[in-house]
file start06.pdb (PDB, C-alpha atoms)
ATOM      1  CA  MET A  13    -147.039 -43.655-159.837
ATOM      2  CA  LEU A  14    -146.934 -47.258-158.830
ATOM      3  CA  LEU A  15    -144.321 -49.675-160.036
ATOM      4  CA  SER A  16    -145.393 -52.931-161.475
ATOM      5  CA  GLY A  17    -144.253 -56.158-159.869
ATOM      6  CA  GLY A  18    -141.582 -56.649-162.524
ATOM      7  CA  GLY A  19    -140.194 -53.129-162.045
ATOM      8  CA  LEU A  20    -140.009 -53.561-158.268
ATOM      9  CA  LEU A  21    -138.208 -56.879-158.709
ATOM     10  CA  ALA A  22    -135.716 -55.250-161.094
ATOM     11  CA  ILE A  23    -134.991 -52.454-158.586
ATOM     12  CA  LEU A  24    -134.580 -54.953-155.739
ATOM     13  CA  PHE A  25    -132.319 -57.085-157.923
ATOM     14  CA  LEU A  26    -130.104 -54.085-158.780
ATOM     15  CA  PHE A  27    -130.001 -53.062-155.123
ATOM     16  CA  GLY A  28    -128.979 -56.637-154.202
ATOM     17  CA  LEU A  29    -126.184 -56.548-156.802
ATOM     18  CA  PHE A  30    -124.965 -53.244-155.389
ATOM     19  CA  LEU A  31    -124.916 -54.685-151.844
ATOM     20  CA  ALA A  32    -123.152 -57.870-152.995
ATOM     21  CA  GLN A  33    -120.493 -55.841-154.813
ATOM     22  CA  SER A  34    -119.977 -53.590-151.773
ATOM     23  CA  LEU A  35    -119.641 -56.580-149.457
ATOM     24  CA  TRP A  36    -117.221 -58.279-151.867
ATOM     25  CA  ARG A  37    -115.003 -55.175-152.042
ATOM     26  CA  SER A  38    -115.084 -54.817-148.252
ATOM     27  CA  TRP A  39    -114.112 -58.463-147.848
ATOM     28  CA  GLN A  40    -111.221 -58.042-150.309
ATOM     29  CA  TRP A  41    -109.991 -54.929-148.501
ATOM     30  CA  VAL A  42    -110.169 -56.621-145.062
ATOM     31  CA  ASN A  43    -108.538 -59.778-146.443
ATOM     32  CA  GLN A  44    -105.642 -57.781-147.908
ATOM     33  CA  ARG A  45    -105.115 -55.737-144.722
ATOM     34  CA  GLU A  46    -105.262 -58.796-142.468
ATOM     35  CA  GLY A  47    -102.839 -60.624-144.753
ATOM     36  CA  GLU A  48    -100.393 -57.729-144.498
ATOM     37  CA  ARG A  49    -100.813 -57.638-140.714
ATOM     38  CA  LEU A  50    -100.214 -61.391-140.402
ATOM     39  CA  THR A  51     -97.158 -61.172-142.645
ATOM     40  CA  GLY A  52     -95.742 -58.492-140.353
ATOM     41  CA  GLN A  53     -96.406 -60.626-137.293
ATOM     42  CA  VAL A  54     -94.778 -63.663-138.926
ATOM     43  CA  ASP A  55     -91.693 -61.552-139.672
ATOM     44  CA  VAL A  56     -91.476 -60.418-136.032
ATOM     45  CA  ILE A  57     -91.894 -63.992-134.746
ATOM     46  CA  ALA A  58     -89.321 -65.344-137.214
ATOM     47  CA  THR A  59     -86.793 -62.689-136.198
ATOM     48  CA  ASN A  60     -87.411 -63.414-132.505
ATOM     49  CA  LEU A  61     -87.056 -67.189-132.973
ATOM     50  CA  GLU A  62     -83.883 -66.727-134.989
ATOM     51  CA  ARG A  63     -82.376 -64.646-132.177
ATOM     52  CA  GLN A  64     -83.409 -67.201-129.561
ATOM     53  CA  PHE A  65     -81.993 -70.114-131.580
ATOM     54  CA  ASN A  66     -78.737 -68.225-132.159
ATOM     55  CA  ALA A  67     -78.454 -67.406-128.449
ATOM     56  CA  ALA A  68     -79.170 -71.027-127.491
ATOM     57  CA  ASN A  69     -76.560 -72.213-129.990
ATOM     58  CA  ARG A  70     -73.930 -69.851-128.550
ATOM     59  CA  VAL A  71     -74.698 -71.063-125.022
ATOM     60  CA  LEU A  72     -74.422 -74.715-126.094
ATOM     61  CA  GLU A  73     -71.112 -73.989-127.853
ATOM     62  CA  SER A  74     -69.866 -72.284-124.696
ATOM     63  CA  VAL A  75     -70.851 -75.271-122.559
ATOM     64  CA  MET A  76     -69.143 -77.580-125.056
ATOM     65  CA  ARG A  77     -65.905 -75.582-124.761
ATOM     66  CA  GLU A  78     -66.041 -75.595-120.936
ATOM     67  CA  LEU A  79     -66.992 -79.257-120.515
ATOM     68  CA  PRO A  80     -63.433 -80.667-120.712
ATOM     69  CA  TYR A  81     -62.377 -78.255-117.962
ATOM     70  CA  TRP A  82     -65.338 -79.183-115.759
ATOM     71  CA  LYS A  83     -64.689 -82.897-116.226
ATOM     72  CA  ASN A  84     -61.121 -82.446-114.944
ATOM     73  CA  GLN A  85     -62.186 -80.658-111.743
ATOM     74  CA  PRO A  86     -63.083 -82.515-108.525
ATOM     75  CA  ASP A  87     -66.357 -80.548-108.325
ATOM     76  CA  GLY A  88     -66.696 -80.170-112.107
ATOM     77  CA  MET A  89     -70.344 -81.118-112.473
ATOM     78  CA  ALA A  90     -71.278 -78.743-109.640
ATOM     79  CA  LEU A  91     -69.440 -75.992-111.537
ATOM     80  CA  ALA A  92     -71.304 -77.000-114.694
ATOM     81  CA  GLU A  93     -74.666 -76.871-112.904
ATOM     82  CA  ARG A  94     -73.975 -73.389-111.552
ATOM     83  CA  GLN A  95     -73.032 -72.186-115.025
ATOM     84  CA  LEU A  96     -76.152 -73.798-116.523
ATOM     85  CA  GLN A  97     -78.293 -72.071-113.885
ATOM     86  CA  THR A  98     -76.700 -68.736-114.791
ATOM     87  CA  PHE A  99     -77.328 -69.279-118.499
ATOM     88  CA  GLU A 100     -80.952 -70.290-117.876
ATOM     89  CA  LYS A 101     -81.630 -67.160-115.823
ATOM     90  CA  ALA A 102     -80.171 -64.971-118.567
ATOM     91  CA  MET A 103     -82.189 -66.515-121.399
ATOM     92  CA  PRO A 104     -85.918 -65.791-121.577
ATOM     93  CA  GLY A 105     -87.855 -68.758-122.876
ATOM     94  CA  VAL A 106     -85.275 -71.315-121.741
ATOM     95  CA  ARG A 107     -86.356 -73.542-118.866
ATOM     96  CA  THR A 108     -83.879 -76.389-118.819
ATOM     97  CA  LEU A 109     -80.251 -76.836-119.783
ATOM     98  CA  GLY A 110     -78.436 -80.105-119.421
ATOM     99  CA  ILE A 111     -75.556 -82.375-120.298
ATOM    100  CA  LEU A 112     -76.388 -85.951-121.286
ATOM    101  CA  ASP A 113     -73.849 -88.732-121.647
ATOM    102  CA  ALA A 114     -73.761 -91.172-124.599
ATOM    103  CA  GLU A 115     -76.329 -93.421-122.877
ATOM    104  CA  GLY A 116     -78.780 -90.570-122.280
ATOM    105  CA  THR A 117     -78.190 -90.046-118.556
ATOM    106  CA  MET A 118     -78.321 -86.440-117.352
ATOM    107  CA  LEU A 119     -74.888 -85.649-115.887
ATOM    108  CA  ALA A 120     -75.601 -82.016-115.016
ATOM    109  CA  SER A 121     -78.544 -79.667-115.322
ATOM    110  CA  ASN A 122     -79.785 -76.344-114.045
ATOM    111  CA  ARG A 123     -82.689 -78.433-112.683
ATOM    112  CA  ARG A 124     -81.280 -80.674-109.966
ATOM    113  CA  GLU A 125     -84.277 -83.048-110.111
ATOM    114  CA  LEU A 126     -83.245 -84.165-113.617
ATOM    115  CA  VAL A 127     -79.665 -85.197-112.767
ATOM    116  CA  GLY A 128     -79.253 -88.971-112.911
ATOM    117  CA  ARG A 129     -82.411 -89.524-114.984
ATOM    118  CA  ASN A 130     -82.135 -91.254-118.320
ATOM    119  CA  PHE A 131     -83.570 -89.672-121.468
ATOM    120  CA  ALA A 132     -82.338 -92.160-124.072
ATOM    121  CA  GLU A 133     -85.924 -92.958-125.128
ATOM    122  CA  ARG A 134     -86.682 -89.350-126.030
ATOM    123  CA  GLU A 135     -86.892 -88.518-129.722
ATOM    124  CA  TYR A 136     -84.470 -85.583-129.458
ATOM    125  CA  PHE A 137     -81.811 -87.908-128.029
ATOM    126  CA  ARG A 138     -82.411 -90.764-130.487
ATOM    127  CA  SER A 139     -82.397 -88.363-133.434
ATOM    128  CA  ALA A 140     -78.992 -86.899-132.558
ATOM    129  CA  LYS A 141     -77.555 -90.337-131.765
ATOM    130  CA  GLN A 142     -78.777 -91.841-135.049
ATOM    131  CA  ARG A 143     -77.534 -88.916-137.161
ATOM    132  CA  PRO A 144     -74.571 -87.484-135.244
ATOM    133  CA  ASP A 145     -73.122 -84.243-136.569
ATOM    134  CA  ALA A 146     -71.106 -81.952-134.326
ATOM    135  CA  LYS A 147     -71.921 -78.952-136.544
ATOM    136  CA  THR A 148     -75.699 -79.382-136.398
ATOM    137  CA  LEU A 149     -78.025 -77.484-134.117
ATOM    138  CA  TYR A 150     -80.784 -80.024-133.523
ATOM    139  CA  ILE A 151     -84.289 -78.617-133.067
ATOM    140  CA  GLY A 152     -86.650 -81.285-131.786
ATOM    141  CA  ALA A 153     -90.360 -81.747-132.301
ATOM    142  CA  PRO A 154     -92.627 -80.340-129.578
ATOM    143  CA  PHE A 155     -93.228 -82.703-126.649
ATOM    144  CA  VAL A 156     -94.331 -82.742-123.014
ATOM    145  CA  SER A 157     -91.283 -82.779-120.749
ATOM    146  CA  VAL A 158     -90.906 -84.890-117.600
ATOM    147  CA  LEU A 159     -91.655 -81.672-115.722
ATOM    148  CA  GLY A 160     -95.059 -81.537-117.446
ATOM    149  CA  VAL A 161     -94.260 -78.569-119.690
ATOM    150  CA  PHE A 162     -94.836 -78.369-123.447
ATOM    151  CA  SER A 163     -91.300 -77.938-124.834
ATOM    152  CA  ILE A 164     -89.088 -77.815-127.890
ATOM    153  CA  ASN A 165     -85.492 -78.939-127.439
ATOM    154  CA  VAL A 166     -82.561 -77.181-129.020
ATOM    155  CA  SER A 167     -79.457 -79.328-128.676
ATOM    156  CA  ARG A 168     -75.934 -80.002-129.862
ATOM    157  CA  MET A 169     -74.150 -83.312-130.066
ATOM    158  CA  LEU A 170     -71.119 -83.834-127.841
ATOM    159  CA  PRO A 171     -68.404 -85.344-130.034
ATOM    160  CA  GLY A 172     -66.031 -87.921-128.651
ATOM    161  CA  PRO A 173     -62.269 -88.052-129.347
ATOM    162  CA  LYS A 174     -62.845 -89.501-132.844
ATOM    163  CA  GLY A 175     -65.933 -87.386-133.592
ATOM    164  CA  GLU A 176     -68.330 -90.114-132.483
ATOM    165  CA  PHE A 177     -71.513 -89.438-130.520
ATOM    166  CA  ALA A 178     -70.513 -88.939-126.879
ATOM    167  CA  GLY A 179     -73.626 -87.245-125.530
ATOM    168  CA  LEU A 180     -75.928 -84.311-125.969
ATOM    169  CA  LEU A 181     -76.114 -80.745-124.743
ATOM    170  CA  LEU A 182     -79.586 -79.266-124.398
TER
END
call {"tool": "encode", "arguments": {"input": "start06.pdb", "output": "structure tokens"}}
result
Amino acid sequence: MLLSGGGLLAILFLFGLFLAQSLWRSWQWVNQREGERLTGQVDVIATNLERQFNAANRVLESVMRELPYWKNQPDGMALAERQLQTFEKAMPGVRTLGILDAEGTMLASNRRELVGRNFAEREYFRSAKQRPDAKTLYIGAPFVSVLGVFSINVSRMLPGPKGEFAGLLL
């Protein structure tokens, strides 16, 4: 028995609807599974970043506590640089640690080539200087460092005797 042209078109149309519905359900299933997978990855990344920011904050607080001692030693900045090198080696993802004065000049760093350079024009420095808060952990916008590396700065303001901006730890 032969189907007429209209019957064949109806069968093809129904078959097309079946395929479209199957593809739609497959897409929904994949979309849901991928969404769940991405949510899990975001949670892992967020937890990792939180740990890294907390560790960086503790290191900066430690440096802030030690800085008065280092400043009173004849070789204080050399002591500071050795401690910064130790911290950098112990912290994955951290490349540079430094102490900037109120004018933006690097007083000490784990990277010797940065000492004496001025970073006052950098956004992370200007931001902390314009809105000084000793309790704030400043997280800067991504930028290319003077060493040619894409970076994000995590820093703390150094307060002066009256709480004024006296420099930056990064």
call {"tool": "closest_residue", "arguments": {"input": "start06.pdb", "among": "A:Phe162, A:Ala90, A:Arg143, A:Gly105", "to": "Glu176 of chain A", "atoms": "all atoms listed in the file"}}
result
A:Arg143
call {"tool": "residues_around", "arguments": {"input": "start06.pdb", "residues": "Tyr136 of chain A", "least_positions_apart": "5", "cutoff": "12 Å", "atoms": "all atoms listed in the file", "output": "JSON, numbers by chain"}}
result
{"A": [112, 116, 131, 141, 142, 143, 144, 149, 150, 151, 152, 153, 154, 155, 157, 163, 164, 165, 166, 167, 168, 169, 179, 180, 181, 182]}
call {"tool": "write_last_selection", "arguments": {"input": "start06.pdb", "atoms": "C-alpha atoms", "output": "JSON list (two decimals), keeping the file's coordinate frame"}}
result
[["chain", "number", "residue", "atom", "x", "y", "z"],
["A", 112, "LEU", "CA", -76.39, -85.95, -121.29],
["A", 116, "GLY", "CA", -78.78, -90.57, -122.28],
["A", 131, "PHE", "CA", -83.57, -89.67, -121.47],
["A", 141, "LYS", "CA", -77.56, -90.34, -131.76],
["A", 142, "GLN", "CA", -78.78, -91.84, -135.05],
["A", 143, "ARG", "CA", -77.53, -88.92, -137.16],
["A", 144, "PRO", "CA", -74.57, -87.48, -135.24],
["A", 149, "LEU", "CA", -78.03, -77.48, -134.12],
["A", 150, "TYR", "CA", -80.78, -80.02, -133.52],
["A", 151, "ILE", "CA", -84.29, -78.62, -133.07],
["A", 152, "GLY", "CA", -86.65, -81.28, -131.79],
["A", 153, "ALA", "CA", -90.36, -81.75, -132.30],
["A", 154, "PRO", "CA", -92.63, -80.34, -129.58],
["A", 155, "PHE", "CA", -93.23, -82.70, -126.65],
["A", 157, "SER", "CA", -91.28, -82.78, -120.75],
["A", 163, "SER", "CA", -91.30, -77.94, -124.83],
["A", 164, "ILE", "CA", -89.09, -77.82, -127.89],
["A", 165, "ASN", "CA", -85.49, -78.94, -127.44],
["A", 166, "VAL", "CA", -82.56, -77.18, -129.02],
["A", 167, "SER", "CA", -79.46, -79.33, -128.68],
["A", 168, "ARG", "CA", -75.93, -80.00, -129.86],
["A", 169, "MET", "CA", -74.15, -83.31, -130.07],
["A", 179, "GLY", "CA", -73.63, -87.24, -125.53],
["A", 180, "LEU", "CA", -75.93, -84.31, -125.97],
["A", 181, "LEU", "CA", -76.11, -80.74, -124.74],
["A", 182, "LEU", "CA", -79.59, -79.27, -124.40]]
call {"tool": "atom_distance", "arguments": {"input": "start06.pdb", "atom1": "atom CA of Leu170 of chain A", "atom2": "atom CA of Ala58 of chain A"}}
result
27.6 Å
call {"tool": "atom_distance", "arguments": {"input": "start06.pdb", "atom1": "atom CA of Val71 of chain A", "atom2": "atom CA of Leu96 of chain A"}}
result
9.0 Å
call {"tool": "resolve_selection", "arguments": {"input": "start06.pdb", "expression": "the PyMOL selection byres ((chain A and resi 109) around 8)", "output": "PyMOL selection string"}}
result
chain A and resi 96-97+100+106-108+110-111+121-123+181-182
call {"tool": "axis_aligned_box", "arguments": {"input": "start06.pdb", "around": "segment 79-93 of chain A", "padding_each_side": "6 Å", "output": "JSON"}}
result
{"center_x": -67.9, "center_y": -79.4, "center_z": -114.5, "size_x": 25.5, "size_y": 18.9, "size_z": 24.4}
call {"tool": "closest_residue", "arguments": {"input": "start06.pdb", "among": "A:Ile23, A:Ala178, A:Met89, A:Ala146", "to": "Leu119 of chain A", "atoms": "all atoms listed in the file"}}
result
A:Met89
call {"tool": "atom_distance", "arguments": {"input": "start06.pdb", "atom1": "atom CA of Phe177 of chain A", "atom2": "atom CA of Ala140 of chain A"}}
result
8.2 Å
call {"tool": "resolve_selection", "arguments": {"input": "start06.pdb", "expression": "the PyMOL selection byres ((chain A and resi 64) around 12)", "output": "PyMOL selection string"}}
result
chain A and resi 57-63+65-71+102-106+151+166
call {"tool": "write_last_selection", "arguments": {"input": "start06.pdb", "atoms": "C-alpha atoms", "output": "mmCIF file, in the coordinates of the input"}}
result
data_model
loop_
_atom_site.group_PDB
_atom_site.id
_atom_site.type_symbol
_atom_site.label_atom_id
_atom_site.label_comp_id
_atom_site.auth_asym_id
_atom_site.auth_seq_id
_atom_site.Cartn_x
_atom_site.Cartn_y
_atom_site.Cartn_z
ATOM 1 C CA ILE A 57 -91.894 -63.992 -134.746
ATOM 2 C CA ALA A 58 -89.321 -65.344 -137.214
ATOM 3 C CA THR A 59 -86.793 -62.689 -136.198
ATOM 4 C CA ASN A 60 -87.411 -63.414 -132.505
ATOM 5 C CA LEU A 61 -87.056 -67.189 -132.973
ATOM 6 C CA GLU A 62 -83.883 -66.727 -134.989
ATOM 7 C CA ARG A 63 -82.376 -64.646 -132.177
ATOM 8 C CA PHE A 65 -81.993 -70.114 -131.580
ATOM 9 C CA ASN A 66 -78.737 -68.225 -132.159
ATOM 10 C CA ALA A 67 -78.454 -67.406 -128.449
ATOM 11 C CA ALA A 68 -79.170 -71.027 -127.491
ATOM 12 C CA ASN A 69 -76.560 -72.213 -129.990
ATOM 13 C CA ARG A 70 -73.930 -69.851 -128.550
ATOM 14 C CA VAL A 71 -74.698 -71.063 -125.022
ATOM 15 C CA ALA A 102 -80.171 -64.971 -118.567
ATOM 16 C CA MET A 103 -82.189 -66.515 -121.399
ATOM 17 C CA PRO A 104 -85.918 -65.791 -121.577
ATOM 18 C CA GLY A 105 -87.855 -68.758 -122.876
ATOM 19 C CA VAL A 106 -85.275 -71.315 -121.741
ATOM 20 C CA ILE A 151 -84.289 -78.617 -133.067
ATOM 21 C CA VAL A 166 -82.561 -77.181 -129.020
#
